[in-house]
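In what follows, a structure is listed as structure tokens, so that the remarks can point back to it.
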Amino acid sequence: MKRSAAEGALVSLQEEKKRREGAGEVVVGGVTGSKMGQVVRARTSELEAPVMLLTGHQSEVLCLEFSPQGNTLASAGADRMIYIWNVYGQCPNLHRFKGHTNAILQLKYNDTGSQIYTASADSTVCIWDVESQTRVKKIQHTKEIVNTCSTSRTGAPLLLAGGDDGFGRLYDTRTPKHAAQEYEGAFPVTACALSESGDKAYLGDTSGEIQVWESRKQQVLYTLAGHLDIVTGLEVRQDFLLSNSADNSLRMWDTRPFVAGGDTARCAKVFSGHQHGADKNLLRCAWHPEGTFVSAGSSDNPPTHFIWRASTRKVEYQLPGHKAGINDVAFHPGGQIFGSASSDNKIYLGEMMD
């Protein structure tokens with residue numbers, strides 16, 4: 001259903017700027033050149049405007065993700081609601097799901113975009129059917145907070161989740177009543193990721209370490225040490241793992257079977273510039289689909305969306321607009337659009353300049 005801005009529609013930054021100051025520069029799409037002193041450049045995406053603002057959540061937006069097809073965006077947070085948005089045109093809010101009784105801390109689409117998986121502070125992991133707009137499974141993962149979830153991209157449909165009880169649990173979403181595998185750690189699990197084929201499970205915790213488990217044998221292959229504070233986000237791309245931490249660093253790890261120098265040499269790059277705040281939210285991270293850029297949530301003042309070029313570790317974009325910490329970031333599967341979710345209850349969508 002198409003909705004007005006007051007009801008939660010996605011509106012252009014040009015409209016939002018009329019209502020408040022400090023929204024940042026508005027770049028008008030068109031041909032390269034200038035117009036009345038305003039920068040004009042060629043558009044690089046099919047967004048209606050170069051920057052779009054999504055409002056509707058009634059509390060902190062803690063997570064977001066583009067669907068694999070790229071036509072929709074899912075978001076969720078402290079208001080316990082899952083919103084599905086159209087990315088293009090007037091960007092209406094398509095669906096709203098409810099069912100969790102506490103904050104939704106992370107969500108993921110499955111590989112086809114037909115289902116959404118959510119991890120919640122209500123101690124459950126849920127599976128939602130996008131087409132029917134219903135919850136199809138509710139998994140009682142633990143009696144404590146479930147902080148994180150992840151899914152495989154090939155092979156069997158696997159779901160990994162972790163929480164404050166220190167366990168990571170792997171579920172086959174076709175028969176998810178009981179965990180297929182359990183991975184026990186000594187500290188609360190705050191971030192997790194599955195390898196694309198599901199053969200390795202990555203669990204980051206409050207100690208700052210990341211355990212790499214061989215999922216079928218249920219044994220730790222090695223531990224990635226380097227972060228000095230809580231691991232708040234993990235994302236996999238091919239043979240590399242991205243990790244965000246409350247030590248204000250973003251790290252890239254080489255997870256191939258053999259690395260020159262051994263397991264202690266697996267940290268390939270460190271990215272810096274962003275900050276974590278006193279609120280201790282779990283700030284996530286993201287890979288560009290081509291691996292050329294990386295991004296991470298940040299609670300610096302003023303809040304800034306950081307995007308680094310992966311090859312050089314250079315900050316390529318520092319994007320203003322949000323009024324509170326940026327909890328999650330995402331890249332569109334087409335590569336030209338990015339999104340950010342914030343504790344100011346808002347989401348921004350923007351387009352890459354190259």
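Following the order of the structure tokens, first chain is A, next is B, and so on, with residues numbered from 1 inside each chain and ligands from 1 in the order they appear.
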
Give me the segment 269-294 of chain A side of the contact with segment 105-118 of chain A, cut-off 12 Å, one line per residue showing its nearest atom pair and distance in Å at one decimal, counting only C-alpha atoms, sorted by chain and residue number, as CSV.
residue,atom,partner,partner_atom,distance
A:Asn281,CA,A:Leu105,CA,9.4
A:Leu282,CA,A:Leu105,CA,8.2
A:Leu283,CA,A:Leu105,CA,10.2
A:Arg284,CA,A:Gln106,CA,9.1
A:Cys285,CA,A:Gln106,CA,11.8

Shell of 12 Å around Ile326 of chain A, only C-alpha atoms, local chain residues under 2 positions omitted, as a PyMOL selection string: chain A and resi 60-64+274-277+279-285+295-306+319-324+328-330+339-348

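For the choices A:Arg80, A:His178, A:Arg216, A:His141, the atom-to-atom distance to Gly163 of chain A is smallest for A:His141 when using only C-alpha atoms.
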
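Distance-wise, atom CA of Cys126 of chain A and atom CA of Cys149 of chain A end up 10.2 Å apart.
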
Find the residues near segment 217-227 of chain A: any atom within 7 Å, counting only C-alpha atoms, skip ones fewer than 5 places away on the same chain, and give them as an mmCIF file with C-alpha atoms, in the first residue's frame.
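This is the output file around26.cif:
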data_model
loop_
_atom_site.group_PDB
_atom_site.id
_atom_site.type_symbol
_atom_site.label_atom_id
_atom_site.label_comp_id
_atom_site.auth_asym_id
_atom_site.auth_seq_id
_atom_site.Cartn_x
_atom_site.Cartn_y
_atom_site.Cartn_z
ATOM 1 C CA TYR A 183 28.812 -24.716 19.164
ATOM 2 C CA GLY A 208 36.788 -9.857 21.023
ATOM 3 C CA GLU A 209 37.756 -13.232 19.560
ATOM 4 C CA ILE A 210 36.164 -15.004 16.593
ATOM 5 C CA GLN A 211 35.935 -18.774 16.680
ATOM 6 C CA VAL A 212 35.887 -20.591 13.349
ATOM 7 C CA SER A 245 34.316 -4.351 16.832
ATOM 8 C CA ASP A 247 37.522 -1.366 19.645
ATOM 9 C CA ASP A 263 46.566 -18.705 11.608
#

Expected answer as number ranges by chain: strand (DSSP E) residues in segment 68-307 of chain A: A: 72-77, 81-86, 93-98, 104-109, 115-120, 124-129, 134-140, 146-151, 158-163, 167-172, 181-184, 189-194, 200-205, 210-214, 219-224, 231-237, 240-245, 249-254, 267-272, 285-287, 293-296, 305-307

Taking C-alpha atoms for each residue, export the selection above as a compact mmCIF listing (two decimals), in the first residue's frame.
# COMPACT_ATOMS: atom_id res chain seq x y z
CA THR A 72 12.84 -4.75 -1.77
CA LEU A 73 14.48 -3.77 1.52
CA ALA A 74 13.69 -5.31 4.92
CA SER A 75 14.26 -3.43 8.18
CA ALA A 76 13.55 -4.08 11.85
CA GLY A 77 14.46 -2.85 15.31
CA MET A 81 8.22 -4.67 13.65
CA ILE A 82 9.61 -5.90 10.32
CA TYR A 83 9.05 -3.47 7.45
CA ILE A 84 9.33 -4.44 3.78
CA TRP A 85 9.93 -1.50 1.44
CA ASN A 86 9.96 -1.14 -2.32
CA ASN A 93 5.92 0.34 2.42
CA LEU A 94 4.71 -3.04 1.11
CA HIS A 95 4.27 -5.11 4.28
CA ARG A 96 4.67 -4.94 8.03
CA PHE A 97 5.17 -8.12 10.07
CA LYS A 98 4.74 -8.41 13.81
CA ILE A 104 14.70 -7.54 16.63
CA LEU A 105 18.49 -7.39 16.62
CA GLN A 106 19.31 -8.84 13.20
CA LEU A 107 17.53 -10.06 10.09
CA LYS A 108 18.58 -11.92 6.94
CA TYR A 109 16.89 -12.93 3.70
CA GLN A 115 11.90 -15.97 3.55
CA ILE A 116 13.33 -13.68 6.22
CA TYR A 117 15.09 -14.89 9.36
CA THR A 118 15.09 -12.75 12.52
CA ALA A 119 17.01 -12.89 15.81
CA SER A 120 15.36 -11.20 18.77
CA THR A 124 13.60 -16.60 19.73
CA VAL A 125 14.59 -16.94 16.09
CA CYS A 126 11.73 -16.66 13.61
CA ILE A 127 11.23 -17.59 9.96
CA TRP A 128 8.85 -15.40 7.94
CA ASP A 129 7.30 -16.07 4.54
CA THR A 134 3.18 -14.75 7.89
CA ARG A 135 5.51 -16.25 10.46
CA VAL A 136 6.00 -19.89 9.53
CA LYS A 137 8.38 -20.99 12.30
CA LYS A 138 9.21 -19.78 15.80
CA ILE A 139 12.35 -21.33 17.26
CA GLN A 140 12.97 -21.11 21.00
CA VAL A 146 19.47 -13.90 20.68
CA ASN A 147 21.85 -11.32 19.27
CA THR A 148 22.57 -12.48 15.77
CA CYS A 149 21.68 -14.75 12.85
CA SER A 150 23.12 -15.71 9.47
CA THR A 151 22.29 -18.03 6.58
CA LEU A 158 20.92 -23.46 6.94
CA LEU A 159 20.34 -20.87 9.65
CA LEU A 160 22.95 -19.99 12.28
CA ALA A 161 22.08 -18.02 15.42
CA GLY A 162 23.93 -16.98 18.57
CA GLY A 163 23.04 -15.39 21.87
CA PHE A 167 26.02 -21.00 22.16
CA GLY A 168 25.87 -20.83 18.41
CA ARG A 169 23.21 -23.14 17.01
CA LEU A 170 22.82 -24.32 13.43
CA TYR A 171 19.35 -25.17 12.09
CA ASP A 172 18.12 -26.77 8.90
CA GLN A 181 24.55 -28.60 15.52
CA GLU A 182 25.62 -26.70 18.64
CA TYR A 183 28.81 -24.72 19.16
CA GLU A 184 29.57 -23.89 22.78
CA VAL A 189 27.85 -14.62 21.11
CA THR A 190 27.27 -11.15 19.68
CA ALA A 191 27.87 -11.73 15.95
CA CYS A 192 27.81 -14.75 13.67
CA ALA A 193 28.23 -15.67 10.01
CA LEU A 194 28.05 -18.80 7.89
CA LYS A 200 32.14 -23.12 8.44
CA ALA A 201 30.48 -21.15 11.24
CA TYR A 202 32.02 -17.93 12.52
CA LEU A 203 31.12 -16.83 16.05
CA GLY A 204 32.26 -13.49 17.48
CA ASP A 205 31.79 -12.78 21.17
CA ILE A 210 36.16 -15.00 16.59
CA GLN A 211 35.93 -18.77 16.68
CA VAL A 212 35.89 -20.59 13.35
CA TRP A 213 34.02 -23.88 13.60
CA GLU A 214 33.96 -26.77 11.15
CA GLN A 219 35.16 -28.55 16.30
CA VAL A 220 37.06 -25.26 16.34
CA LEU A 221 39.41 -25.02 13.36
CA TYR A 222 41.13 -21.87 14.61
CA THR A 223 40.52 -18.61 16.46
CA LEU A 224 40.87 -15.15 14.97
CA VAL A 231 32.80 -8.22 18.09
CA THR A 232 29.61 -6.50 16.92
CA GLY A 233 29.29 -7.60 13.30
CA LEU A 234 30.47 -10.37 10.95
CA GLU A 235 29.94 -10.78 7.20
CA VAL A 236 31.37 -13.34 4.77
CA ARG A 237 32.29 -12.86 1.12
CA PHE A 240 37.19 -13.52 3.39
CA LEU A 241 35.48 -12.47 6.62
CA LEU A 242 34.71 -8.89 7.67
CA SER A 243 34.43 -8.08 11.39
CA ASN A 244 33.39 -4.91 13.20
CA SER A 245 34.32 -4.35 16.83
CA SER A 249 38.30 -1.20 14.07
CA LEU A 250 36.96 -3.07 11.06
CA ARG A 251 39.07 -6.08 10.08
CA MET A 252 39.31 -8.26 6.98
CA TRP A 253 40.37 -11.88 7.57
CA ASP A 254 41.66 -14.45 5.11
CA CYS A 267 44.23 -10.59 9.45
CA ALA A 268 44.68 -9.12 5.95
CA LYS A 269 43.60 -5.50 6.53
CA VAL A 270 42.42 -3.11 9.24
CA PHE A 271 40.07 -0.19 8.51
CA SER A 272 39.66 2.72 10.91
CA CYS A 285 29.20 -4.32 8.73
CA ALA A 286 28.81 -5.06 5.02
CA TRP A 287 30.64 -6.08 1.85
CA PHE A 293 34.13 -1.57 -0.86
CA VAL A 294 33.40 -2.34 2.78
CA SER A 295 31.22 -0.46 5.23
CA ALA A 296 30.33 -0.46 8.93
CA HIS A 305 28.19 6.40 7.32
CA PHE A 306 31.72 5.21 6.46
CA ILE A 307 32.53 3.36 3.23

Distance query Thr44 of chain A at most 8 Å, only C-alpha atoms, self and fewer than 5 positions along chain excluded, as a list in words: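 The neighbour list is Gln336, Glu351, Met352, Met353 and Asp354 of chain A.
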